[in-house]
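coords-v4.pdb, holding PDB, C-alpha atoms, pLDDT in the B column:
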ATOM      1  CA  MET B   1    -111.341 125.785 128.459  1.00 52.00           C
ATOM      2  CA  ILE B   2    -113.841 123.506 130.211  1.00 56.00           C
ATOM      3  CA  GLU B   3    -113.619 120.945 127.404  1.00 57.00           C
ATOM      4  CA  SER B   4    -109.839 120.737 127.810  1.00 53.00           C
ATOM      5  CA  PHE B   5    -110.252 120.252 131.550  1.00 54.00           C
ATOM      6  CA  LEU B   6    -112.911 117.581 131.157  1.00 55.00           C
ATOM      7  CA  SER B   7    -110.904 115.725 128.544  1.00 57.00           C
ATOM      8  CA  GLY B   8    -108.271 114.977 131.185  1.00 57.00           C
ATOM      9  CA  VAL B   9    -110.752 113.923 133.833  1.00 62.00           C
ATOM     10  CA  ASN B  10    -112.277 110.494 133.995  1.00 73.00           C
ATOM     11  CA  LEU B  11    -115.793 111.437 135.039  1.00 78.00           C
ATOM     12  CA  PHE B  12    -116.714 107.868 135.951  1.00 79.00           C
ATOM     13  CA  ASN B  13    -113.835 107.567 138.437  1.00 76.00           C
ATOM     14  CA  THR B  14    -114.678 110.982 139.840  1.00 81.00           C
ATOM     15  CA  LEU B  15    -118.325 110.025 140.314  1.00 86.00           C
ATOM     16  CA  VAL B  16    -117.508 106.672 141.907  1.00 84.00           C
ATOM     17  CA  GLY B  17    -114.919 108.271 144.189  1.00 83.00           C
ATOM     18  CA  GLY B  18    -117.393 110.907 145.329  1.00 86.00           C
ATOM     19  CA  LEU B  19    -120.062 108.295 145.956  1.00 90.00           C
ATOM     20  CA  LEU B  20    -117.642 106.179 148.006  1.00 88.00           C
ATOM     21  CA  ILE B  21    -116.557 109.170 150.086  1.00 88.00           C
ATOM     22  CA  GLY B  22    -120.160 110.216 150.675  1.00 89.00           C
ATOM     23  CA  THR B  23    -121.254 106.685 151.518  1.00 91.00           C
ATOM     24  CA  SER B  24    -118.392 106.092 153.963  1.00 88.00           C
ATOM     25  CA  ALA B  25    -119.020 109.459 155.673  1.00 89.00           C
ATOM     26  CA  THR B  26    -122.720 108.672 155.958  1.00 90.00           C
ATOM     27  CA  LEU B  27    -122.137 105.163 157.316  1.00 91.00           C
ATOM     28  CA  LEU B  28    -119.630 106.418 159.877  1.00 89.00           C
ATOM     29  CA  LEU B  29    -122.127 109.012 161.075  1.00 89.00           C
ATOM     30  CA  LEU B  30    -125.020 106.534 161.161  1.00 91.00           C
ATOM     31  CA  PHE B  31    -123.222 103.648 162.865  1.00 90.00           C
ATOM     32  CA  ASN B  32    -120.656 105.456 165.026  1.00 87.00           C
ATOM     33  CA  GLY B  33    -122.168 108.915 165.384  1.00 88.00           C
ATOM     34  CA  ARG B  34    -118.815 110.324 164.210  1.00 87.00           C
ATOM     35  CA  ILE B  35    -117.879 112.857 161.571  1.00 87.00           C
ATOM     36  CA  ALA B  36    -115.446 111.596 158.918  1.00 88.00           C
ATOM     37  CA  GLY B  37    -112.927 114.389 159.487  1.00 87.00           C
ATOM     38  CA  ILE B  38    -109.474 112.927 158.965  1.00 88.00           C
ATOM     39  CA  SER B  39    -107.731 115.315 161.361  1.00 87.00           C
ATOM     40  CA  GLY B  40    -110.153 114.429 164.159  1.00 87.00           C
ATOM     41  CA  ILE B  41    -109.840 110.732 163.445  1.00 89.00           C
ATOM     42  CA  ALA B  42    -106.033 110.916 163.442  1.00 88.00           C
ATOM     43  CA  PHE B  43    -105.943 113.148 166.527  1.00 87.00           C
ATOM     44  CA  GLY B  44    -107.985 110.573 168.416  1.00 88.00           C
ATOM     45  CA  LEU B  45    -105.234 108.007 167.884  1.00 89.00           C
ATOM     46  CA  PHE B  46    -102.779 110.085 169.912  1.00 87.00           C
ATOM     47  CA  ASN B  47    -105.171 111.360 172.584  1.00 85.00           C
ATOM     48  CA  GLN B  48    -104.881 109.148 175.658  1.00 81.00           C
ATOM     49  CA  SER B  49    -108.392 110.025 176.880  1.00 83.00           C
ATOM     50  CA  ILE B  50    -110.020 108.608 173.741  1.00 80.00           C
ATOM     51  CA  ASN B  51    -110.560 104.837 173.914  1.00 83.00           C
ATOM     52  CA  ASP B  52    -112.185 104.098 170.533  1.00 86.00           C
ATOM     53  CA  LYS B  53    -108.996 103.601 168.564  1.00 89.00           C
ATOM     54  CA  LEU B  54    -109.852 100.460 166.531  1.00 90.00           C
ATOM     55  CA  TRP B  55    -112.313 102.091 164.125  1.00 89.00           C
ATOM     56  CA  ARG B  56    -109.918 105.041 163.729  1.00 91.00           C
ATOM     57  CA  TRP B  57    -107.056 102.737 162.680  1.00 93.00           C
ATOM     58  CA  LEU B  58    -109.365 100.826 160.354  1.00 92.00           C
ATOM     59  CA  PHE B  59    -110.670 104.035 158.766  1.00 90.00           C
ATOM     60  CA  LEU B  60    -107.138 105.355 158.114  1.00 92.00           C
ATOM     61  CA  LEU B  61    -106.009 101.930 156.874  1.00 94.00           C
ATOM     62  CA  GLY B  62    -108.979 101.955 154.496  1.00 90.00           C
ATOM     63  CA  LEU B  63    -107.772 105.263 153.045  1.00 88.00           C
ATOM     64  CA  ILE B  64    -104.367 103.774 152.296  1.00 91.00           C
ATOM     65  CA  VAL B  65    -105.670 100.422 151.030  1.00 92.00           C
ATOM     66  CA  GLY B  66    -108.322 102.157 148.920  1.00 86.00           C
ATOM     67  CA  ALA B  67    -105.800 104.414 147.215  1.00 85.00           C
ATOM     68  CA  ALA B  68    -103.344 101.550 146.687  1.00 87.00           C
ATOM     69  CA  SER B  69    -106.115  99.350 145.269  1.00 87.00           C
ATOM     70  CA  LEU B  70    -107.136 102.040 142.823  1.00 81.00           C
ATOM     71  CA  HIS B  71    -103.639 102.190 141.392  1.00 82.00           C
ATOM     72  CA  PHE B  72    -103.158  98.415 141.470  1.00 85.00           C
ATOM     73  CA  PHE B  73    -106.450  97.475 139.787  1.00 83.00           C
ATOM     74  CA  SER B  74    -106.726 100.324 137.301  1.00 79.00           C
ATOM     75  CA  ASP B  75    -104.617 102.065 134.721  1.00 77.00           C
ATOM     76  CA  ILE B  76    -104.406 105.221 136.841  1.00 76.00           C
ATOM     77  CA  ALA B  77    -100.776 105.994 137.548  1.00 77.00           C
ATOM     78  CA  ILE B  78     -99.475 106.837 140.977  1.00 79.00           C
ATOM     79  CA  PRO B  79     -98.910 110.609 141.028  1.00 78.00           C
ATOM     80  CA  SER B  80     -95.304 111.681 140.889  1.00 80.00           C
ATOM     81  CA  ALA B  81     -93.698 113.193 143.945  1.00 78.00           C
ATOM     82  CA  SER B  82     -93.820 116.930 144.393  1.00 78.00           C
ATOM     83  CA  GLN B  83     -90.947 118.874 142.918  1.00 80.00           C
ATOM     84  CA  ALA B  84     -91.111 121.384 145.774  1.00 80.00           C
ATOM     85  CA  SER B  85     -88.170 121.563 148.150  1.00 84.00           C
ATOM     86  CA  LYS B  86     -88.340 119.753 151.467  1.00 87.00           C
ATOM     87  CA  SER B  87     -88.450 123.049 153.343  1.00 88.00           C
ATOM     88  CA  VAL B  88     -91.493 124.198 151.347  1.00 83.00           C
ATOM     89  CA  ILE B  89     -93.227 120.861 152.012  1.00 85.00           C
ATOM     90  CA  ILE B  90     -92.454 121.044 155.746  1.00 90.00           C
ATOM     91  CA  ILE B  91     -93.612 124.666 156.014  1.00 88.00           C
ATOM     92  CA  GLY B  92     -96.749 123.752 154.059  1.00 83.00           C
ATOM     93  CA  GLY B  93     -97.422 120.854 156.412  1.00 86.00           C
ATOM     94  CA  PHE B  94     -97.137 123.082 159.456  1.00 88.00           C
ATOM     95  CA  LEU B  95     -99.418 125.674 157.849  1.00 85.00           C
ATOM     96  CA  VAL B  96    -102.018 122.992 157.063  1.00 83.00           C
ATOM     97  CA  GLY B  97    -101.790 121.705 160.635  1.00 84.00           C
ATOM     98  CA  PHE B  98    -102.149 125.201 162.055  1.00 86.00           C
ATOM     99  CA  GLY B  99    -105.088 125.910 159.753  1.00 82.00           C
ATOM    100  CA  THR B 100    -106.742 122.661 160.818  1.00 85.00           C
ATOM    101  CA  TYR B 101    -106.320 123.643 164.452  1.00 83.00           C
ATOM    102  CA  LEU B 102    -107.482 127.213 163.850  1.00 83.00           C
ATOM    103  CA  GLY B 103    -110.511 126.091 161.791  1.00 82.00           C
ATOM    104  CA  SER B 104    -111.493 123.346 164.250  1.00 85.00           C
ATOM    105  CA  GLY B 105    -111.273 120.698 161.552  1.00 83.00           C
ATOM    106  CA  CYS B 106    -110.013 119.789 158.129  1.00 84.00           C
ATOM    107  CA  THR B 107    -111.385 119.902 154.622  1.00 82.00           C
ATOM    108  CA  SER B 108    -112.903 116.447 154.905  1.00 82.00           C
ATOM    109  CA  GLY B 109    -114.740 117.196 158.122  1.00 86.00           C
ATOM    110  CA  HIS B 110    -115.969 120.620 157.066  1.00 90.00           C
ATOM    111  CA  GLY B 111    -116.178 120.174 153.285  1.00 87.00           C
ATOM    112  CA  VAL B 112    -117.700 116.732 153.048  1.00 87.00           C
ATOM    113  CA  CYS B 113    -119.557 116.276 156.312  1.00 87.00           C
ATOM    114  CA  GLY B 114    -120.256 119.810 157.495  1.00 88.00           C
ATOM    115  CA  ILE B 115    -121.645 121.176 154.258  1.00 89.00           C
ATOM    116  CA  SER B 116    -123.916 118.157 153.872  1.00 85.00           C
ATOM    117  CA  ARG B 117    -125.327 118.950 157.332  1.00 87.00           C
ATOM    118  CA  PHE B 118    -125.793 122.619 156.338  1.00 91.00           C
ATOM    119  CA  SER B 119    -123.388 123.792 159.036  1.00 90.00           C
ATOM    120  CA  ASN B 120    -122.748 127.526 158.638  1.00 93.00           C
ATOM    121  CA  ARG B 121    -119.351 127.137 160.303  1.00 91.00           C
ATOM    122  CA  SER B 122    -118.369 124.409 157.854  1.00 91.00           C
ATOM    123  CA  ILE B 123    -119.624 126.305 154.824  1.00 93.00           C
ATOM    124  CA  THR B 124    -117.622 129.361 155.909  1.00 92.00           C
ATOM    125  CA  SER B 125    -114.556 127.233 156.667  1.00 89.00           C
ATOM    126  CA  THR B 126    -114.701 125.487 153.293  1.00 90.00           C
ATOM    127  CA  ILE B 127    -114.965 128.796 151.438  1.00 93.00           C
ATOM    128  CA  LEU B 128    -111.945 130.046 153.388  1.00 88.00           C
ATOM    129  CA  PHE B 129    -110.007 126.803 152.701  1.00 85.00           C
ATOM    130  CA  VAL B 130    -110.522 127.207 148.978  1.00 89.00           C
ATOM    131  CA  LEU B 131    -109.795 130.939 148.990  1.00 93.00           C
ATOM    132  CA  PHE B 132    -106.572 130.612 150.955  1.00 86.00           C
ATOM    133  CA  GLY B 133    -105.526 127.586 148.903  1.00 86.00           C
ATOM    134  CA  ILE B 134    -105.817 129.673 145.747  1.00 92.00           C
ATOM    135  CA  LEU B 135    -104.001 132.606 147.349  1.00 93.00           C
ATOM    136  CA  SER B 136    -101.237 130.380 148.728  1.00 85.00           C
ATOM    137  CA  MET B 137    -100.663 128.601 145.442  1.00 88.00           C
ATOM    138  CA  THR B 138    -100.602 131.896 143.560  1.00 92.00           C
ATOM    139  CA  PHE B 139     -98.122 133.350 146.047  1.00 91.00           C
ATOM    140  CA  PHE B 140     -95.773 130.358 146.185  1.00 83.00           C
ATOM    141  CA  ARG B 141     -95.883 129.578 142.473  1.00 87.00           C
ATOM    142  CA  HIS B 142     -96.123 132.943 140.778  1.00 90.00           C
ATOM    143  CA  VAL B 143     -94.602 135.364 143.303  1.00 90.00           C
ATOM    144  CA  LEU B 144     -91.881 133.266 144.927  1.00 86.00           C
ATOM    145  CA  GLY B 145     -91.480 130.701 142.121  1.00 82.00           C
ATOM    146  CA  LEU B 146     -91.083 127.859 144.614  1.00 74.00           C
ATOM    147  CA  ILE B 147     -93.574 125.371 143.211  1.00 68.00           C
TER
END

Can you turn what I pasted into structure tokens?
Amino acid sequence: MIESFLSGVNLFNTLVGGLLIGTSATLLLLFNGRIAGISGIAFGLFNQSINDKLWRWLFLLGLIVGAASLHFFSDIAIPSASQASKSVIIIGGFLVGFGTYLGSGCTSGHGVCGISRFSNRSITSTILFVLFGILSMTFFRHVLGLI
């Protein structure tokens, strides 16, 4: 089973991607004193009391340019669009947003940055993210047959 999984995964790309994510999170913390949590970065763009918007725009632009560059300069195909209905996608988006609010952060902030700082709250949150992701996918795919 593991061999079949690994045969479809380009371990080099996975390693490089992880190193880039870790390096960018570390540099943002070192130079800006900020956690690389995407929800917090995006929220700051729409919060009038936060004045440091330039680095936030540049960080989010880097996510888009980085992903586009990967597909442009490599043989990795752009993933196909989800086959889920628009209502399922919208409901899922609201659930992710609510979970981000309820958990005081997103998977990038807790999973990448929080765990590396040995934050108990982030470790707990990441375990819950994964657990509820598995439960949600099982429910929507196998019980409701929506995905």

Write out as JSON, numbers by chain which residues come within 7 Å of range 36-46 of chain B when counting all atoms listed in the file, dropping same-chain ones fewer than 2 positions away.
{"B": [25, 28, 34, 48, 50, 53, 56, 105, 106, 108, 109, 113]}

Which of these residues is nearest to Val96 in chain B, using all atoms listed in the file: B:Ser82, B:Ser74, B:Asn10, B:Ser136?
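Using all atoms listed in the file, Val96 in chain B sits closest to B:Ser136.
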
re CA of Ser116 in chain B and CA of Gly103 in chain B: distance 17.5 Å

Report, in Å to a single decimal, how far apart CA of Val112 in chain B and CA of Phe73 in chain B are.
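CA of Val112 in chain B lies at a distance of 25.9 Å from CA of Phe73 in chain B.
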
Residue nearest Leu63 in chain B - candidates B:Ile21, B:Ile123, B:Leu128, B:Leu15, atoms counted: only C-alpha atoms:
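Result for the nearest residue to Leu63 in chain B: B:Ile21.
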